[in-house]
Amino acid sequence: MKVCMFVLNDCNKNYKPARIPARALADAGHDIRIIALSSKETAPYEESDGSRIFRIGLVSTKLLWLLSLRTRLEGKLSSLGATKSTAGFSGARTEDAPSRDGSPTERRVSKYHSLLSLMRKFLWQVYSLWYRIPRWLIRKLALTYLLYLEYYLRSFWFARKEATDVYHAHDLITLPAAWLCSRVTGGKLVYDAHELWLEGIRGPKRSKLNRFLVRRLESFLIRRTDANIMAGLSSAELLSRMYHIPQLTVILNVPLYHPYERSTVLRDRLRIPAEEKILLFEGTIYVNRGIEECIQSLKYLSQCSLVMLGFGPDFYISDLKRLIEDEGLTHKVYFFGAVPHDEVTRTAMAADVGLVVLQNVTLNYYYASPCKLFDFMAAGLPVVGSNFPDLKKFIEGYKVGVTCDPANPREIAEAINYIISDENRYNEMKKNALEAARIFNWENESKKLVALYAGLSGKKEGIKPN
């Protein structure tokens, strides 16, 4: 079948949520194209992972120009008004400011300066009026709602040029465009909900009106799809109950299977002593991921070092470094940086314990079963995780580690110490993790996606999307 996927980002080489499923469907014989956003780092057209990626530019993004208008206007008006100080309006006779009793040419120059002064005052009034509008309002309207609207219209116009059998929306934000295409062309509609959209922590806190409208939108669209996908067990059950729809197809966000091979890349590059156990944090380095608590837990541990594998905003990393210095742990915490997604598992094989201590700030975290958990399993790492429903099912159900209160650094330390203090216990958890990795890998999970699409095409009897 011809499949058109929609993503609201540039779908670069590290965007796994779209690229990896697209690769699986392409390998199954489907013709895949992805509509994404253009960026400075990506080409307008790309053929990769068995897919054709078309990137569209949005005029709305150029509205960022408005947010810097004040600086530019100040510069322009400053240069325009500079004549005032040199033109001799105070009455002093200068070369550029002739007296009223001068020659006709001097009088014309004087009128020119008066007109220039009026223009400057007018522009200043326009400038002042414009900037009485709050900046946050400009940003919200221009870069959110207008951007979404333009994306829907442009992606719809682009997608309808080529007949497509299935429209696959990644996240709720692209679902309106995919739904509109399916309504116009008669193609099937797939909603790939990577998370509970209303429980996202991106941007400012949603107002009650915003939550109501978004929920009504999702409720309207999710009942008009041909298949729904979710990346977590509890999240899928929640959406099913919330919108009174059949159970969603759960396709976990798991890595490709990697045969285990112990690595020393972390220890060698960071020069961590051989007697130190390496505790590994993986992913975006940002708030509410338990990083501060993991750092503080080192005070209760001996011969343990924490390595952070990932990236994050400079201001937050600076705050973490201040915390590390204040706690006297500069020799115990290391920032390794990000690695390509296909190298994450092999890099993790250089650690000793994986940490998944998300904080209970949103249902997306409370019901999380993140890729890092399965990366740690594939790397043969026992895991310390938050005592949340899905994490407990995997960590304790498959006996690959221990769960604890993620907000308590002492409990995190106790869980780590429980794992590393007994060599036999540690080796048993390591063995269980490697066995679980043979179950939770993309080679297995992709079969669910291929079967779902086979049900949409009607090629196999008895296979239908859940």
# chains A, B, ... in the order shown; residues from 1 in each chain; ligands from 1
>>> residues_around(residues="Thr330 of chain A", least_positions_apart="6", cutoff="12 Å", atoms="only C-alpha atoms", output="tab-separated table (two decimals) with C-alpha atoms, in the first residue's frame")
chain	number	residue	atom	x	y	z
A	295	ILE	CA	23.09	12.98	41.92
A	296	GLN	CA	22.10	13.34	45.57
A	298	LEU	CA	25.63	9.34	45.38
A	299	LYS	CA	26.13	10.75	48.88
A	305	SER	CA	29.88	7.14	39.56
A	306	LEU	CA	27.01	8.62	37.56
A	307	VAL	CA	27.30	9.06	33.78
A	320	LEU	CA	23.23	20.60	37.55
A	321	LYS	CA	26.93	21.42	37.62
A	322	ARG	CA	26.33	23.91	40.43
A	323	LEU	CA	24.42	21.24	42.35
A	324	ILE	CA	27.24	18.74	41.77
>>> residues_around(residues="Phe374 of chain A", least_positions_apart="2", cutoff="9 Å", atoms="only C-alpha atoms", output="PyMOL selection string")
chain A and resi 253-255+369-372+376-379+433+436-437+440-441
>>> residues_around(residues="Ala163 of chain A", least_positions_apart="3", cutoff="8 Å", atoms="only C-alpha atoms", output="list in words")
Lys2, Ala159, Arg160 and Thr185 of chain A
>>> closest_residue(among="A:Met5, A:Ala24, A:Leu266, A:Cys181", to="Gly337 of chain A", atoms="only C-alpha atoms")
A:Leu266
>>> closest_residue(among="A:Ile222, A:Val384, A:Leu256, A:Met308", to="Trp442 of chain A", atoms="only C-alpha atoms")
A:Leu256
